[in-house]
Each structure stands twice: as C-alpha cells, then as structure tokens.
$ cat protein_27.pdb   # PDB, C-alpha atoms
MODEL        1
ATOM      1  CA  ILE A   1      10.221  19.501 -68.157
ATOM      2  CA  VAL A   2       7.623  19.771 -70.904
ATOM      3  CA  ALA A   3       4.503  18.365 -69.214
ATOM      4  CA  ILE A   4       3.068  17.040 -65.946
ATOM      5  CA  GLY A   5       1.130  13.863 -65.256
ATOM      6  CA  LEU A   6      -0.699  13.479 -61.946
ATOM      7  CA  GLY A   7      -2.577  10.637 -60.300
ATOM      8  CA  THR A   8      -5.625  11.389 -58.146
ATOM      9  CA  PRO A   9      -7.515   8.924 -55.889
ATOM     10  CA  GLY A  10     -10.640   8.579 -58.018
ATOM     11  CA  PRO A  11     -11.996   8.948 -61.550
ATOM     12  CA  VAL A  12     -11.290  11.980 -63.723
ATOM     13  CA  ASP A  13     -13.250  13.385 -66.651
ATOM     14  CA  GLY A  14     -12.675  12.293 -70.226
ATOM     15  CA  THR A  15     -10.349  15.226 -70.937
ATOM     16  CA  GLY A  16      -8.011  14.343 -68.068
ATOM     17  CA  LYS A  17      -8.414  17.806 -66.570
ATOM     18  CA  ILE A  18     -11.014  17.509 -63.795
ATOM     19  CA  ALA A  19     -10.948  15.215 -60.753
ATOM     20  CA  LYS A  20     -14.585  14.097 -60.734
ATOM     21  CA  VAL A  21     -14.701  12.511 -57.287
ATOM     22  CA  ALA A  22     -12.414  11.003 -54.661
ATOM     23  CA  ILE A  23     -14.610   8.864 -52.428
ATOM     24  CA  ASN A  24     -12.097   8.805 -49.566
ATOM     25  CA  LEU A  25     -11.437  12.582 -49.630
ATOM     26  CA  ALA A  26     -14.245  14.767 -48.276
ATOM     27  CA  GLY A  27     -15.474  17.492 -50.615
ATOM     28  CA  TRP A  28     -13.605  16.337 -53.730
ATOM     29  CA  ARG A  29     -16.095  16.702 -56.574
ATOM     30  CA  ASP A  30     -15.428  18.241 -59.970
ATOM     31  CA  VAL A  31     -12.074  19.714 -58.885
ATOM     32  CA  PRO A  32     -10.387  21.404 -61.914
ATOM     33  CA  LEU A  33      -6.973  20.380 -60.672
ATOM     34  CA  ALA A  34      -5.188  20.226 -64.033
ATOM     35  CA  TYR A  35      -6.315  23.752 -64.905
ATOM     36  CA  TRP A  36      -5.063  25.060 -61.567
ATOM     37  CA  LEU A  37      -1.673  23.417 -62.075
ATOM     38  CA  GLU A  38      -1.400  24.644 -65.659
ATOM     39  CA  GLU A  39      -2.037  28.184 -64.465
ATOM     40  CA  LYS A  40       0.615  27.892 -61.737
ATOM     41  CA  THR A  41       3.307  26.127 -63.774
ATOM     42  CA  GLY A  42       2.739  27.165 -67.374
ATOM     43  CA  LEU A  43       2.965  23.499 -68.395
ATOM     44  CA  PRO A  44       0.305  21.176 -69.867
ATOM     45  CA  VAL A  45      -1.134  18.788 -67.274
ATOM     46  CA  ILE A  46      -3.042  15.512 -67.524
ATOM     47  CA  LEU A  47      -4.806  13.767 -64.637
ATOM     48  CA  ALA A  48      -5.672  10.103 -64.218
ATOM     49  CA  ASN A  49      -6.912   7.790 -61.516
ATOM     50  CA  ASP A  50      -3.880   6.939 -59.360
ATOM     51  CA  ALA A  51      -4.432   3.191 -59.670
ATOM     52  CA  ASN A  52      -4.618   3.572 -63.453
ATOM     53  CA  CYS A  53      -1.289   5.373 -63.292
ATOM     54  CA  ALA A  54       0.187   2.550 -61.222
ATOM     55  CA  GLY A  55      -1.159  -0.023 -63.681
ATOM     56  CA  LEU A  56       0.340   1.826 -66.616
ATOM     57  CA  GLY A  57       3.670   2.113 -64.800
ATOM     58  CA  GLU A  58       3.789  -1.604 -63.998
ATOM     59  CA  ALA A  59       2.754  -2.476 -67.556
ATOM     60  CA  TRP A  60       5.490  -0.253 -68.978
ATOM     61  CA  LEU A  61       8.502  -0.882 -66.730
ATOM     62  CA  GLY A  62       7.368  -3.238 -63.960
ATOM     63  CA  ALA A  63       5.855  -6.662 -63.342
ATOM     64  CA  GLY A  64       3.443  -6.371 -66.270
ATOM     65  CA  ARG A  65       5.900  -5.609 -69.051
ATOM     66  CA  ARG A  66       5.625  -9.151 -70.517
ATOM     67  CA  PHE A  67       1.863  -8.949 -70.961
ATOM     68  CA  GLN A  68      -0.658  -7.250 -73.220
ATOM     69  CA  ASN A  69      -3.691  -7.974 -71.015
ATOM     70  CA  LEU A  70      -3.524  -7.577 -67.264
ATOM     71  CA  ILE A  71      -5.259  -6.357 -64.119
ATOM     72  CA  LEU A  72      -3.583  -4.408 -61.333
ATOM     73  CA  LEU A  73      -5.067  -4.103 -57.852
ATOM     74  CA  THR A  74      -3.629  -1.649 -55.339
ATOM     75  CA  LEU A  75      -4.267  -2.893 -51.805
ATOM     76  CA  GLY A  76      -3.890   0.146 -49.598
ATOM     77  CA  THR A  77      -6.044   2.717 -47.793
ATOM     78  CA  GLY A  78      -8.643   1.816 -50.395
ATOM     79  CA  VAL A  79      -8.536  -0.762 -53.170
ATOM     80  CA  GLY A  80      -7.874   0.702 -56.582
ATOM     81  CA  GLY A  81      -7.615  -1.000 -59.919
ATOM     82  CA  ALA A  82      -6.348  -0.727 -63.447
ATOM     83  CA  ILE A  83      -7.043  -2.701 -66.610
ATOM     84  CA  ILE A  84      -4.622  -3.001 -69.516
ATOM     85  CA  LEU A  85      -6.250  -4.433 -72.662
ATOM     86  CA  ASN A  86      -4.176  -5.132 -75.760
ATOM     87  CA  GLY A  87      -1.392  -3.032 -74.289
ATOM     88  CA  GLU A  88      -3.588   0.023 -73.705
ATOM     89  CA  LEU A  89      -5.001   1.479 -70.491
ATOM     90  CA  PHE A  90      -8.787   0.955 -70.429
ATOM     91  CA  VAL A  91     -10.727   3.813 -68.803
ATOM     92  CA  GLY A  92     -14.181   3.499 -70.410
ATOM     93  CA  HIS A  93     -16.110   6.078 -72.381
ATOM     94  CA  GLN A  94     -16.153   8.675 -69.572
ATOM     95  CA  GLY A  95     -12.792   7.923 -67.987
ATOM     96  CA  ALA A  96     -14.221   6.263 -64.863
ATOM     97  CA  ALA A  97     -13.813   2.556 -65.650
ATOM     98  CA  ALA A  98     -11.762   0.030 -63.659
ATOM     99  CA  GLU A  99     -12.919   0.946 -60.138
ATOM    100  CA  LEU A 100     -12.189  -2.681 -59.326
ATOM    101  CA  GLY A 101     -12.293  -2.266 -55.560
ATOM    102  CA  LEU A 102     -15.938  -1.228 -55.736
ATOM    103  CA  ILE A 103     -17.350  -4.497 -57.097
ATOM    104  CA  SER A 104     -19.652  -6.279 -54.619
ATOM    105  CA  ILE A 105     -18.717  -9.569 -53.011
ATOM    106  CA  ASN A 106     -21.459  -9.400 -50.342
ATOM    107  CA  PHE A 107     -24.749  -7.749 -51.265
ATOM    108  CA  ASP A 108     -25.540  -6.995 -47.601
ATOM    109  CA  GLY A 109     -22.037  -6.149 -46.367
ATOM    110  CA  PRO A 110     -20.554  -2.958 -44.879
ATOM    111  CA  VAL A 111     -21.492   0.326 -46.521
ATOM    112  CA  CYS A 112     -18.819   1.772 -48.803
ATOM    113  CA  ASN A 113     -18.152   5.481 -49.332
ATOM    114  CA  SER A 114     -19.165   4.898 -52.946
ATOM    115  CA  GLY A 115     -22.708   4.050 -51.819
ATOM    116  CA  ASN A 116     -22.225   0.363 -52.569
ATOM    117  CA  ARG A 117     -22.457  -2.345 -49.919
ATOM    118  CA  GLY A 118     -20.062  -5.209 -49.375
ATOM    119  CA  SER A 119     -17.532  -3.957 -51.912
ATOM    120  CA  LEU A 120     -14.173  -5.687 -52.262
ATOM    121  CA  GLU A 121     -12.593  -2.602 -50.696
ATOM    122  CA  GLN A 122     -14.627  -3.175 -47.538
ATOM    123  CA  TYR A 123     -12.866  -6.497 -46.986
ATOM    124  CA  THR A 124      -9.360  -6.085 -48.362
ATOM    125  CA  SER A 125      -8.212  -2.495 -47.682
ATOM    126  CA  VAL A 126      -6.105  -1.162 -44.816
ATOM    127  CA  GLN A 127      -9.266   0.338 -43.347
ATOM    128  CA  ALA A 128     -10.968  -3.068 -43.412
ATOM    129  CA  ILE A 129      -8.048  -4.726 -41.626
ATOM    130  CA  ARG A 130      -8.056  -2.011 -38.954
ATOM    131  CA  ARG A 131     -11.815  -2.377 -38.503
ATOM    132  CA  ASP A 132     -11.744  -6.167 -38.254
ATOM    133  CA  THR A 133      -8.597  -6.678 -36.167
ATOM    134  CA  GLY A 134      -7.674  -3.377 -34.515
ATOM    135  CA  SER A 135      -4.201  -3.803 -36.006
ATOM    136  CA  GLU A 136      -2.187  -2.320 -38.835
ATOM    137  CA  PRO A 137      -1.452  -4.741 -41.714
ATOM    138  CA  ALA A 138       2.298  -4.789 -40.985
ATOM    139  CA  GLU A 139       1.640  -5.552 -37.310
ATOM    140  CA  LEU A 140      -0.779  -8.338 -38.237
ATOM    141  CA  ALA A 141       1.749  -9.771 -40.677
ATOM    142  CA  GLU A 142       4.424  -9.806 -37.962
ATOM    143  CA  LYS A 143       2.088 -11.694 -35.629
ATOM    144  CA  ALA A 144       1.319 -14.247 -38.328
ATOM    145  CA  LEU A 145       5.000 -14.776 -39.126
ATOM    146  CA  ALA A 146       5.604 -15.303 -35.400
ATOM    147  CA  GLY A 147       3.011 -18.094 -35.424
ATOM    148  CA  ASP A 148      -0.042 -16.299 -33.998
ATOM    149  CA  GLU A 149      -2.959 -18.560 -34.961
ATOM    150  CA  LYS A 150      -5.599 -15.845 -35.088
ATOM    151  CA  ALA A 151      -3.419 -13.696 -37.330
ATOM    152  CA  LEU A 152      -2.714 -16.655 -39.610
ATOM    153  CA  GLU A 153      -6.423 -17.437 -39.828
ATOM    154  CA  TYR A 154      -7.198 -13.812 -40.650
ATOM    155  CA  TRP A 155      -4.764 -13.754 -43.573
ATOM    156  CA  GLN A 156      -6.184 -17.018 -44.879
ATOM    157  CA  GLU A 157      -9.659 -15.504 -44.820
ATOM    158  CA  TYR A 158      -8.284 -12.328 -46.420
ATOM    159  CA  GLY A 159      -6.899 -14.377 -49.311
ATOM    160  CA  LYS A 160     -10.217 -16.145 -49.718
ATOM    161  CA  LEU A 161     -12.164 -12.881 -49.939
ATOM    162  CA  LEU A 162      -9.644 -11.341 -52.333
ATOM    163  CA  GLY A 163      -9.848 -14.497 -54.433
ATOM    164  CA  ILE A 164     -13.644 -14.188 -54.641
ATOM    165  CA  GLY A 165     -13.306 -10.652 -55.968
ATOM    166  CA  LEU A 166     -10.614 -11.641 -58.456
ATOM    167  CA  ALA A 167     -12.697 -14.589 -59.668
ATOM    168  CA  ASN A 168     -15.403 -12.155 -60.781
ATOM    169  CA  LEU A 169     -12.855 -10.021 -62.618
ATOM    170  CA  ILE A 170     -11.214 -13.025 -64.298
ATOM    171  CA  TYR A 171     -14.519 -14.221 -65.710
ATOM    172  CA  VAL A 172     -15.064 -10.815 -67.311
ATOM    173  CA  LEU A 173     -11.537 -10.072 -68.549
ATOM    174  CA  THR A 174      -9.542 -13.372 -68.637
ATOM    175  CA  PRO A 175      -6.231 -11.513 -68.157
ATOM    176  CA  GLU A 176      -2.785 -12.981 -68.689
ATOM    177  CA  ALA A 177      -1.659 -11.643 -65.322
ATOM    178  CA  ILE A 178      -2.971 -10.102 -62.118
ATOM    179  CA  ILE A 179      -0.546  -7.767 -60.359
ATOM    180  CA  LEU A 180      -1.014  -6.959 -56.672
ATOM    181  CA  GLY A 181       0.416  -3.668 -55.440
ATOM    182  CA  GLY A 182      -0.068  -1.316 -52.507
ATOM    183  CA  GLY A 183       1.264  -1.661 -48.984
ATOM    184  CA  ILE A 184      -0.669  -4.828 -48.116
ATOM    185  CA  SER A 185       0.935  -6.716 -50.999
ATOM    186  CA  GLY A 186       4.163  -6.750 -48.985
ATOM    187  CA  GLY A 187       2.624  -9.568 -46.912
ATOM    188  CA  ALA A 188       1.356 -11.500 -49.924
ATOM    189  CA  ASP A 189       3.054 -14.758 -48.885
ATOM    190  CA  LEU A 190       0.539 -14.941 -46.036
ATOM    191  CA  PHE A 191      -2.563 -14.808 -48.234
ATOM    192  CA  LEU A 192      -1.544 -15.957 -51.729
ATOM    193  CA  PRO A 193      -2.021 -19.692 -50.985
ATOM    194  CA  SER A 194      -5.675 -19.272 -49.965
ATOM    195  CA  LEU A 195      -6.236 -16.778 -52.796
ATOM    196  CA  LYS A 196      -4.965 -19.263 -55.382
ATOM    197  CA  THR A 197      -7.017 -22.086 -53.857
ATOM    198  CA  GLU A 198     -10.131 -19.938 -54.159
ATOM    199  CA  LEU A 199      -9.408 -19.193 -57.821
ATOM    200  CA  GLU A 200      -8.860 -22.883 -58.578
ATOM    201  CA  GLU A 201     -12.207 -23.733 -57.003
ATOM    202  CA  ARG A 202     -14.231 -20.887 -58.502
ATOM    203  CA  VAL A 203     -12.819 -20.223 -61.970
ATOM    204  CA  LEU A 204     -13.009 -22.572 -64.925
ATOM    205  CA  LEU A 205      -9.600 -23.694 -66.101
ATOM    206  CA  ILE A 206     -10.181 -22.298 -69.605
ATOM    207  CA  CYS A 207     -10.641 -18.821 -68.081
ATOM    208  CA  ARG A 208      -7.483 -18.925 -65.931
ATOM    209  CA  GLU A 209      -5.159 -21.110 -67.967
ATOM    210  CA  GLY A 210      -1.639 -19.652 -67.846
ATOM    211  CA  LEU A 211      -2.744 -16.884 -65.485
ATOM    212  CA  GLU A 212       0.096 -15.431 -63.390
ATOM    213  CA  ILE A 213      -0.434 -13.775 -60.000
ATOM    214  CA  LEU A 214       2.436 -11.344 -59.462
ATOM    215  CA  ILE A 215       3.549  -8.727 -56.950
ATOM    216  CA  ALA A 216       4.137  -5.208 -58.259
ATOM    217  CA  GLU A 217       7.795  -4.347 -58.776
ATOM    218  CA  LEU A 218       7.839  -0.553 -58.771
ATOM    219  CA  GLY A 219       6.496   0.072 -55.255
ATOM    220  CA  ASN A 220       5.370   3.618 -54.521
ATOM    221  CA  GLN A 221       6.986   4.823 -57.738
ATOM    222  CA  ALA A 222       4.550   2.921 -59.991
ATOM    223  CA  GLY A 223       1.982   5.736 -59.984
ATOM    224  CA  MET A 224       4.592   8.392 -60.674
ATOM    225  CA  ILE A 225       6.063   6.406 -63.568
ATOM    226  CA  GLY A 226       2.614   5.779 -65.050
ATOM    227  CA  ALA A 227       1.577   9.434 -64.707
ATOM    228  CA  ALA A 228       4.786  10.484 -66.447
ATOM    229  CA  LYS A 229       4.054   7.961 -69.212
ATOM    230  CA  LEU A 230       0.581   9.452 -69.707
ATOM    231  CA  ALA A 231       1.988  12.961 -70.012
ATOM    232  CA  PHE A 232       4.682  11.716 -72.383
ATOM    233  CA  GLN A 233       2.103  10.046 -74.641
ATOM    234  CA  LYS A 234      -0.270  12.999 -74.524
ATOM    235  CA  PHE A 235       2.038  15.975 -74.967
ATOM    236  CA  VAL A 236       5.249  14.807 -76.653
ATOM    237  CA  LYS A 237       5.184  14.651 -80.447
ATOM    238  CA  ILE A 238       5.215  11.158 -81.945
ATOM    239  CA  GLU A 239       8.495  11.730 -83.755
ATOM    240  CA  ASP A 240      10.129  12.843 -80.496
ATOM    241  CA  GLN A 241       8.747   9.799 -78.693
ATOM    242  CA  LEU A 242      10.287   7.522 -81.326
ATOM    243  CA  GLU A 243      13.562   9.349 -81.052
TER
ENDMDL
END

$ encode --input "protein_27.pdb" --output "structure tokens"
Amino acid sequence: IVAIGLGTPGPVDGTGKIAKVAINLAGWRDVPLAYWLEEKTGLPVILANDANCAGLGEAWLGAGRRFQNLILLTLGTGVGGAIILNGELFVGHQGAAAELGLISINFDGPVCNSGNRGSLEQYTSVQAIRRDTGSEPAELAEKALAGDEKALEYWQEYGKLLGIGLANLIYVLTPEAIILGGGISGGADLFLPSLKTELEERVLLICREGLEILIAELGNQAGMIGAAKLAFQKFVKIEDQLE
C-alpha cells in the first residue's frame, strides 16, 4: 500500500486534507482527517466527498465507463452527487461543487440541514421516505410490488419529484448519462417510469437527446473504488500509472 483515499459525507478543502463540513454529522467542521490518518499510518492520504468518490468509481469501472460527461446521484440517507465533465471529476474552485441533493425544488419546503428549504434531499432521501410514510424504502418497495395502491402512488410521486430535480441539472449540464446509486436505487423500477415521463415533459429534446438513465453497477464498493482511484492519480508517479 502506497497511499490512502477516503470518502467523507460532505465537501473537503481544495487540498483534499480537511473535511470542511458533513451536514448530517453533528460537529463535523474543518476536521483535519487526512493529517490525522497520515500521522497514524505513515502514508499519504487524500479526502473527497463520498458521492464524488462513487461517481469517479462508476465512471472508471462501472455504469459510466462509456461516457465522458455524466451525473451520479446517490439516493441514500442523504442525496449526494457527482459530476464528470470531459472525463474528469468536477469539484469547483474550492472543492465543494456538485452538492446536487441540495438544489431547491420547492422554495417553501422542509428545512434542510444545509440551511436550504425544499432541497431535493428533503424529498428523495431515506429520511424523507421515513418522514412521509413511516416505512423504510425496502419495506415500501415490497408493499408496492405486492400491489399496495398507496405504496405504488408514493413511488410514482417520488419519481416525479426526482425527475423535477434532474430536469434542473440536465438544463445546466446536458450529460450523456445520469447514474442512480445508493440503497433506494434498488427499487428504481417502481419510480423510473414517472421520472422519465417528467423529464420528457420538462426538458427540451435537444437538451436530453440520447440521454441514458442508468443504475449504478458497483454498489457499496463504488465509493471505495473511486477513493482508491483518487489516491492512485494523486500519489503514484505517471510512469508507474502507465505501467
């Protein structure tokens, strides 16, 4: 082992050493996690947003490997995101870009831990499903597959709301593919039809022509693979990478 890559649930600083904030973890602000790990292990460490790691993993070895421009959304406890532009992970000038779950789809909706209101995360995360239905996503999916009308209606509405959020992102980025990961994506068959209908109604054809909506292939390993890729790129000499 020559280096360590680590995903954290929130943005990191531009050096990849400090976890700036994790909105769903109390007290996580400016945590020098990479420095702590370097001291303990004697190895160089790089941090990145965990969804960015998952996006890089899927782009490298998963569902996104055919594309140069894609979006990944992780539908889990929160809603994370990653943007790959021209084959490269986009993190913005301070490393905090692509917090895709924090875009607003309802200006007067539920308050988000980020301080925003009505964010996509407030309608499409595990926490949102628990709040709205009192059920876990897997339980709600089982009910829908068994023919429960209320559960089926909920997933249709879920797809609509997710489609609204994705429509905003498509207009900005016009990706070749959108990859859906995280635990909720396991029930995608229940909400993809209404999601796609929403995109067809809201997004101009020129902006979504050829767009593919895909399910992540690497599961819980996507973030680990992407974090390893980051460390590989950062700390392994170019000639050794080529070799």

$ closest_residue --input "protein_27.pdb" --among "A:Ile46, A:Val31, A:Ala19, A:Leu169" --to "Ala96 of chain A" --atoms "only C-alpha atoms"
A:Ala19

$ closest_atom_pairs --input "protein_27.pdb" --of "segment 105-178 of chain A" --to "segment 187-192 of chain A" --cutoff "6 Å" --atoms "all atoms listed in the file" --output "tab-separated table"
residue	atom	partner	partner_atom	distance
A:Trp155	CA	A:Phe191	CA	5.3
A:Gln156	CA	A:Phe191	CA	5.4
A:Gly159	CA	A:Phe191	CA	4.5

$ atom_distance --input "protein_27.pdb" --atom1 "atom CA of Pro11 of chain A" --atom2 "atom CA of Asp108 of chain A"
25.1 Å

$ atom_distance --input "protein_27.pdb" --atom1 "atom CA of Asp50 of chain A" --atom2 "atom CA of Lys196 of chain A"
26.5 Å

$ residues_around --input "protein_27.pdb" --residues "Glu198 of chain A" --least-positions-apart "6" --cutoff "8 Å" --atoms "all atoms listed in the file" --output "PyMOL selection string"
chain A and resi 160+163-164

$ residues_near_point --input "protein_27.pdb" --point "(-17.2, 0.5, -39.2)" --cutoff "9 Å" --atoms "only C-alpha atoms" --output "list in words"
Pro110, Val111, Gln127, Ala128, Arg131 and Asp132 of chain A

$ residues_around --input "protein_27.pdb" --residues "Thr133 of chain A" --least-positions-apart "2" --cutoff "12 Å" --atoms "all atoms listed in the file" --output "MDAnalysis selection string"
chainID A and resid 123 126:131 135:137 139:141 143 150:151 153:155 158

$ closest_residue --input "protein_27.pdb" --among "A:Ile225, A:Leu33, A:Ala138, A:Ala98" --to "Ala59 of chain A" --atoms "all atoms listed in the file"
A:Ile225

$ residues_around --input "protein_27.pdb" --residues "Ala54 of chain A" --least-positions-apart "4" --cutoff "7 Å" --atoms "all atoms listed in the file" --output "PyMOL selection string"
chain A and resi 50+58+222-223+226

$ resolve_selection --input "protein_27.pdb" --expression "the PyMOL selection byres ((chain A and resi 200) around 12)" --output "ChimeraX atom specification"
/A:160,163-164,166-167,170,193-199,201-209,211

$ residues_around --input "protein_27.pdb" --residues "Gln233 of chain A" --least-positions-apart "2" --cutoff "12 Å" --atoms "all atoms listed in the file" --output "NGL selection string"
:A and (2-5 or 45-46 or 56 or 88-89 or 226-231 or 235-242)

$ axis_aligned_box --input "protein_27.pdb" --around "segment 199-206 of chain A" --padding-each-side "6 Å" --output "lines of an AutoDock Vina configuration file"
center_x = -11.5
center_y = -21.5
center_z = -63.3
size_x = 17.4
size_y = 16.5
size_z = 24.6

$ residues_around --input "protein_27.pdb" --residues "Gly109 of chain A" --least-positions-apart "6" --cutoff "12 Å" --atoms "all atoms listed in the file" --output "list in words"
Ile103, Gly115, Asn116, Arg117, Gly118, Ser119, Leu120, Glu121, Gln122, Tyr123 and Ala128 of chain A

$ closest_residue --input "protein_27.pdb" --among "A:Leu47, A:Leu73, A:Cys53, A:Val79" --to "Ala34 of chain A" --atoms "only C-alpha atoms"
A:Leu47

$ closest_residue --input "protein_27.pdb" --among "A:Leu152, A:Ala51, A:Val91, A:Leu43" --to "Thr74 of chain A" --atoms "only C-alpha atoms"
A:Ala51

$ closest_residue --input "protein_27.pdb" --among "A:Ala63, A:Ala146, A:Ile23, A:Leu75" --to "Cys112 of chain A" --atoms "only C-alpha atoms"
A:Ile23

$ atom_distance --input "protein_27.pdb" --atom1 "atom CA of Gly62 of chain A" --atom2 "atom CA of Leu218 of chain A"
5.9 Å

$ resolve_selection --input "protein_27.pdb" --expression "the PyMOL selection byres ((chain A and resi 83) around 7)" --output "number ranges by chain"
A: 70-72, 81-82, 84-85, 89-90, 98

$ resolve_selection --input "protein_27.pdb" --expression "the PyMOL selection byres ((chain A and resi 179) around 7)" --output "list in words"
Ile71, Leu72, Leu73, Ala177, Ile178, Leu180, Gly181, Ile213, Leu214, Ile215 and Ala216 of chain A

$ write_last_selection --input "protein_27.pdb" --atoms "C-alpha atoms" --output "PDB file, in the coordinates of the input"
ATOM      1  CA  ILE A  71      -5.259  -6.357 -64.119  1.00  0.00           C
ATOM      2  CA  LEU A  72      -3.583  -4.408 -61.333  1.00  0.00           C
ATOM      3  CA  LEU A  73      -5.067  -4.103 -57.852  1.00  0.00           C
ATOM      4  CA  ALA A 177      -1.659 -11.643 -65.322  1.00  0.00           C
ATOM      5  CA  ILE A 178      -2.971 -10.102 -62.118  1.00  0.00           C
ATOM      6  CA  LEU A 180      -1.014  -6.959 -56.672  1.00  0.00           C
ATOM      7  CA  GLY A 181       0.416  -3.668 -55.440  1.00  0.00           C
ATOM      8  CA  ILE A 213      -0.434 -13.775 -60.000  1.00  0.00           C
ATOM      9  CA  LEU A 214       2.436 -11.344 -59.462  1.00  0.00           C
ATOM     10  CA  ILE A 215       3.549  -8.727 -56.950  1.00  0.00           C
ATOM     11  CA  ALA A 216       4.137  -5.208 -58.259  1.00  0.00           C
TER      12      ALA A 216
END
